[in-house]
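Beneath this line is the structure, given in structure tokens, with notes to follow.
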Amino acid sequence: MASRKRPEELRSHRWLGPSDLRSFGHRSRLRQGGYDAKDWAGKPVIGIINTWSDINFCHTHLRARAEDVKRGVLQAGGFPVELPALSLSEPFVKPSTMIYRNLLAMETEELLRSHPIDGAVLLGGCDKTTPGVIMGAISMGVPAIYAPAGPQLRGNWHGQVLGSGTDAWKYWDEKRAGRITEEEWAEIEGGISRSFGTCMVMGTAATMMAISEALGMTLPGASSIPAADSAHPRMCAAAGRRIVDMVWEDLTPKKILTPAAFDNAIRVHMAMGGSTNAIIHVVAMARRAGLPMDMKRFDEISREIPVLANVRPSGSLLMEDFYYAGGLRALMAELKHKLDLSCLTVTGKSVGENIEGAEVYLPDVIRPFNNPVSSAEATAVLTGNLAPRGCVMKPSAAEPRLLRHRGKAIAFEDYNHMAREVERDGLDVTPDHILVLKNGGPKGAPGMPEWGMLPIPKKLVKAGVRDMLRISDARMSGTSYGACILHVAPESFVGGPLAFVQTGDEIEVDVPARRIHLHVSDAELTRRRAAWTPPPPRYPRGYGAMYSDHIGQADEGCDFDFLAPLGAIPEPEIH
Ligand code: FES
């Protein structure tokens, strides 16, 4: 049996154990809270990082779930302490939650470091909150377990199932084309989000929760449980019980997050038909764990793993169906010949042990390898003179005719320019044109908002066109679909070649060959570069200015350069 920590070896012992004036202060303040030595003495202090807020409806239940976690911690002999953290509500936070992912990571890391915390339960789920809290926990290094918020219930309108985002885009185009009324549109608005919990399509939230489980950072099956299911508070209490033992076992994230664990996670990502956003987050998480990782690994793995989860936008169902079909354990069991089953997880057991006995109950929802939802890869990484450091695409969500395509560009200088033009009836555009959006990247937008699914120009929507090639340095919501080429690196704002595309230039995309080429001569590109003036910084001061000075490009995971794991940070002095 692995050796267990002794109480005097707990990190919190430095605050609470010594017989000196400082520790007197700490203990007297605990008594101020109504606690006694029996509550804390010799017990692991468990920090519950809670990303609940009044304006994050994906996390409405996390206030109550923190109490469930506490119940579990107490049952197992720990001392729970809830620490609120930045909530990052995807729909409300502007200009993009992506700007603040690293701030949440820093907050998580420093909350854990600065307090007498021995282990952490991380409560998150809405898009950036998952990588934010996990990145922070990795960098801090105390044992941590992630308890995902879980997906919301299916949407409903006139007896039809509605999926977050995906159906909003779909019915918005129907409205633009005059095929649904204002009243119907208002009914959809009231029916698309029926409960607390994250988006219930295979968006970034569902993708990142599944990736976290595949990495070994959640209890088995945790990521698929709908937020409103009674299994969800039971999972949170179980996470509370487990983290106490993880502290005694000193089971830290770095012992779990190995290269093989990341490969497992990327394989699961592909089988789920996961969001392209995950590429940025997984690269960032791996680098926080001190592991080399780049976008190419996604491309390599996508060639061997088909999409098995029949969940929108790549499939037709929703996360609630996925749960009834057996959830992630069942999908991983279907995929087990491709996984490294020996990887260690937060349970203290291996991936193989965690998925033992898992079964697929609904084979149309979690498909077998010989009957996938799509054999088109979930992710392709293209390179070429337009994206020297790469760009990404989701071939499984695009019309196949666009996977090999050459067409003339229509270039937009920024989002507002694009938004005006696509609504203009006189826009000279055909379904073979390629829409190009500049200044949507990490520094340029800033924050790489989910602008990458550029709207199909109104004129074409009315004619029934539903997909065309679109290229940008922005991201795309995981709930989106279409032939959208994203994350072009380097971005246009810093002088990447995208900055020099002009309307009328020809662009060629060959997804099977992983190539993207701007048919403009090198000499002409050099001339355009010389005539280009870099735009002024977006922020004169504050967090935005710090963000702009330190943010990495998409292919690097958009982490801050100073958060790279260059060395261990000493424990705080206690005087
Ligand atoms: Fe929170 Fe989609 S808005 S997960």
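Naming works like this for the structure tokens: A, B, ... for the chains as they're shown, residue 1 at the start of each chain, ligands 1 onward in shown order.
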
- Could I get the residue neighbourhood of ligand 1 at 9 Å, counting only C-alpha atoms and all ligand atoms, as a PyMOL selection string? chain A and resi 56-59+88-92+125-128+151-152+164-165+197-201+203-206+477-479

Based on the selection just made, write C-alpha atoms of those residues as a PDB file, in the first residue's frame.
ATOM      1  CA  ASN A  56     -24.078  32.186 -14.761  1.00  0.00           C
ATOM      2  CA  PHE A  57     -27.142  30.004 -15.258  1.00  0.00           C
ATOM      3  CA  CYS A  58     -25.005  27.046 -16.299  1.00  0.00           C
ATOM      4  CA  HIS A  59     -23.759  27.101 -12.690  1.00  0.00           C
ATOM      5  CA  LEU A  88     -17.082  33.250 -16.581  1.00  0.00           C
ATOM      6  CA  SER A  89     -20.626  33.049 -17.841  1.00  0.00           C
ATOM      7  CA  GLU A  90     -20.183  32.323 -21.529  1.00  0.00           C
ATOM      8  CA  PRO A  91     -23.241  34.225 -22.787  1.00  0.00           C
ATOM      9  CA  PHE A  92     -22.709  37.401 -20.762  1.00  0.00           C
ATOM     10  CA  GLY A 125     -18.424  23.476 -16.397  1.00  0.00           C
ATOM     11  CA  CYS A 126     -19.372  26.508 -18.495  1.00  0.00           C
ATOM     12  CA  ASP A 127     -16.775  26.562 -21.275  1.00  0.00           C
ATOM     13  CA  LYS A 128     -13.626  28.311 -19.969  1.00  0.00           C
ATOM     14  CA  PRO A 151     -25.346  19.438 -19.059  1.00  0.00           C
ATOM     15  CA  GLN A 152     -28.796  21.021 -18.880  1.00  0.00           C
ATOM     16  CA  SER A 164     -28.114  24.998 -27.231  1.00  0.00           C
ATOM     17  CA  GLY A 165     -26.542  27.244 -29.810  1.00  0.00           C
ATOM     18  CA  GLY A 197     -26.475  23.137 -16.361  1.00  0.00           C
ATOM     19  CA  THR A 198     -24.182  23.685 -19.295  1.00  0.00           C
ATOM     20  CA  CYS A 199     -25.046  23.689 -22.990  1.00  0.00           C
ATOM     21  CA  MET A 200     -26.290  20.198 -23.818  1.00  0.00           C
ATOM     22  CA  VAL A 201     -24.881  19.787 -27.291  1.00  0.00           C
ATOM     23  CA  GLY A 203     -20.111  22.302 -27.297  1.00  0.00           C
ATOM     24  CA  THR A 204     -16.988  23.373 -25.510  1.00  0.00           C
ATOM     25  CA  ALA A 205     -18.535  22.691 -22.114  1.00  0.00           C
ATOM     26  CA  ALA A 206     -19.497  19.060 -22.802  1.00  0.00           C
ATOM     27  CA  SER A 477     -18.522  27.796 -30.547  1.00  0.00           C
ATOM     28  CA  GLY A 478     -18.577  24.030 -30.214  1.00  0.00           C
ATOM     29  CA  THR A 479     -22.303  24.318 -30.859  1.00  0.00           C
TER      30      THR A 479
END

Given only C-alpha atoms, how would the per-residue table for range 115-222 of chain A near range 69-87 of chain A read, listing every residue at most 9 Å away with its closest atom pair and distance in Å to one decimal, sorted by chain and number, as a tab-separated table?
residue	atom	partner	partner_atom	distance
A:Ile117	CA	A:Val81	CA	8.5
A:Val121	CA	A:Val69	CA	7.8
A:Gly124	CA	A:Ser87	CA	8.2
A:Cys126	CA	A:Ser87	CA	8.4
A:Thr129	CA	A:Ser87	CA	7.0
A:Val133	CA	A:Ala85	CA	9.0

- Can you check which residues of range 54-244 of chain A DSSP gives as helix (DSSP H, G or I) on the backbone and send them as a count of residues only? 93

- Any idea what's packed within 9 Å of Met293 in chain A, counting only C-alpha atoms, ignoring anything in its chain fewer than 4 positions away? Could you give it as a PyMOL selection string? chain A and resi 259+282-284+286-287+297+556

Could you dump the residues just selected with all heavy atoms as a tab-separated table (two decimals), in the first residue's frame?
chain	number	residue	atom	x	y	z
A	259	PRO	N	1.75	12.15	-20.56
A	259	PRO	CA	1.48	12.20	-22.01
A	259	PRO	C	0.43	11.18	-22.44
A	259	PRO	O	-0.42	11.48	-23.29
A	259	PRO	CB	2.87	11.88	-22.62
A	259	PRO	CG	3.84	12.34	-21.58
A	259	PRO	CD	3.18	12.08	-20.25
A	282	VAL	N	-6.51	22.18	-24.28
A	282	VAL	CA	-5.70	20.99	-23.98
A	282	VAL	C	-4.21	21.31	-24.14
A	282	VAL	O	-3.38	20.89	-23.32
A	282	VAL	CB	-6.12	19.80	-24.87
A	282	VAL	CG1	-5.12	18.66	-24.77
A	282	VAL	CG2	-7.52	19.31	-24.45
A	283	VAL	N	-3.87	22.09	-25.16
A	283	VAL	CA	-2.47	22.50	-25.32
A	283	VAL	C	-2.03	23.27	-24.07
A	283	VAL	O	-0.97	23.02	-23.50
A	283	VAL	CB	-2.29	23.35	-26.61
A	283	VAL	CG1	-0.91	24.02	-26.62
A	283	VAL	CG2	-2.47	22.49	-27.86
A	284	ALA	N	-2.89	24.17	-23.60
A	284	ALA	CA	-2.53	24.99	-22.43
A	284	ALA	C	-2.41	24.10	-21.18
A	284	ALA	O	-1.46	24.26	-20.40
A	284	ALA	CB	-3.58	26.07	-22.21
A	286	ALA	N	-1.75	20.87	-20.97
A	286	ALA	CA	-0.58	19.99	-21.05
A	286	ALA	C	0.70	20.77	-20.76
A	286	ALA	O	1.58	20.31	-20.02
A	286	ALA	CB	-0.51	19.35	-22.43
A	287	ARG	N	0.78	21.97	-21.32
A	287	ARG	CA	2.00	22.76	-21.08
A	287	ARG	C	2.11	23.17	-19.61
A	287	ARG	O	3.22	23.24	-19.07
A	287	ARG	CB	2.01	23.97	-22.01
A	287	ARG	CG	2.21	23.53	-23.47
A	287	ARG	CD	2.30	24.69	-24.41
A	287	ARG	NE	2.55	24.22	-25.77
A	287	ARG	CZ	3.07	24.96	-26.74
A	287	ARG	NH1	3.41	26.21	-26.51
A	287	ARG	NH2	3.27	24.45	-27.93
A	297	ARG	N	-0.80	17.04	-32.69
A	297	ARG	CA	-1.19	15.79	-32.03
A	297	ARG	C	-2.69	15.51	-32.26
A	297	ARG	O	-3.10	14.35	-32.40
A	297	ARG	CB	-0.88	15.89	-30.53
A	297	ARG	CG	-0.94	14.57	-29.81
A	297	ARG	CD	0.22	13.66	-30.21
A	297	ARG	NE	0.05	12.32	-29.70
A	297	ARG	CZ	0.12	11.21	-30.46
A	297	ARG	NH1	0.37	11.28	-31.76
A	297	ARG	NH2	-0.03	10.03	-29.92
A	556	GLU	N	-0.19	27.97	-29.31
A	556	GLU	CA	0.52	27.78	-28.03
A	556	GLU	C	-0.45	27.61	-26.86
A	556	GLU	O	-0.03	27.53	-25.71
A	556	GLU	CB	1.39	29.01	-27.73
A	556	GLU	CG	2.41	29.31	-28.81
A	556	GLU	CD	2.97	30.73	-28.71
A	556	GLU	OE1	2.21	31.68	-28.40
A	556	GLU	OE2	4.18	30.88	-28.96

Shell around Asn416 in chain A at 12 Å using only C-alpha atoms, local window under 6 positions removed, as a PDB file with C-alpha atoms, in the first residue's frame:
ATOM      1  CA  VAL A 422     -23.284  40.033 -44.965  1.00  0.00           C
ATOM      2  CA  GLU A 423     -26.673  41.713 -44.578  1.00  0.00           C
ATOM      3  CA  LEU A 437     -12.469  37.745 -41.243  1.00  0.00           C
ATOM      4  CA  LYS A 438      -9.416  39.581 -39.866  1.00  0.00           C
ATOM      5  CA  ASN A 439      -8.723  40.850 -36.342  1.00  0.00           C
ATOM      6  CA  GLY A 440     -10.581  38.088 -34.524  1.00  0.00           C
ATOM      7  CA  ALA A 445     -10.423  40.996 -31.207  1.00  0.00           C
ATOM      8  CA  TRP A 451     -16.901  34.755 -34.376  1.00  0.00           C
ATOM      9  CA  LEU A 454     -19.301  33.887 -39.990  1.00  0.00           C
TER      10      LEU A 454
END

- Task: Give me the residues within 12 Å of Phe412 in chain A as a list in words, counting only C-alpha atoms and dropping any in the same chain fewer than 3 places off.
- Result: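 The neighbour list is Ala409, Tyr415, Asn416, His417, Met418, Ala419, Arg420, Glu421, Val422, Ile434, Leu435, Val436, Leu437, Lys438, Asn439, Gly440, Leu454, Arg470, Ile471, Ser472, Ser492, Leu498, Ala499, Phe500, Val501, Gln502, Thr503 and Gly504 of chain A.
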
- Residue with smallest distance to Ala238 in chain A - pool A:Ile256, A:Met319, A:Ile366, A:Ala147, counting only C-alpha atoms: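 Residue with the minimum atom-to-atom distance to Ala238 in chain A: A:Ala147.
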
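Of the residues listed (A:Ala380, A:Asp340, A:Lys255, A:Met140), A:Met140 shows the shortest atom-to-atom separation from Gly567 in chain A; distances use only C-alpha atoms.
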
- Rank nothing, just name the residue among A:Ser195, A:Thr533, A:Thr108, A:Ser96 nearest to Gly47 in chain A, using only C-alpha atoms. A:Thr108

- Message: Run DSSP on the backbone and tell me which residues of range 360-554 of chain A come out as strand (DSSP E); list them as a PyMOL selection string.
- Response: chain A and resi 380-384+387-393+404-412+434-437+469-472+484-485+506-510+515-518

Skipping near chain neighbours, those fewer than 4 positions away, what residues fall within 6 Å of range 1-18 of chain A using only C-alpha atoms, listed as a compact mmCIF listing (two decimals) with N, CA and C atoms, in the first residue's frame?
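Saved as result-v7.txt:
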# COMPACT_ATOMS: atom_id res chain seq x y z
N SER A 23 -0.16 31.18 14.61
CA SER A 23 -1.13 30.08 14.56
C SER A 23 -2.28 30.32 15.53
N GLY A 42 -5.76 17.98 12.74
CA GLY A 42 -5.29 16.75 12.10
C GLY A 42 -6.08 16.35 10.86
N PRO A 116 -4.68 28.01 3.71
CA PRO A 116 -4.19 26.72 4.24
C PRO A 116 -4.97 25.54 3.64
N ILE A 117 -4.74 25.28 2.37
CA ILE A 117 -5.51 24.27 1.65
C ILE A 117 -4.63 23.06 1.36
N ASP A 118 -5.17 21.88 1.63
CA ASP A 118 -4.43 20.63 1.37
C ASP A 118 -4.88 19.93 0.09
N TRP A 248 -4.38 12.39 1.67
CA TRP A 248 -3.55 11.45 2.45
C TRP A 248 -2.62 10.66 1.53
N GLU A 249 -3.11 10.39 0.30
CA GLU A 249 -2.28 9.62 -0.65
C GLU A 249 -1.31 10.52 -1.43
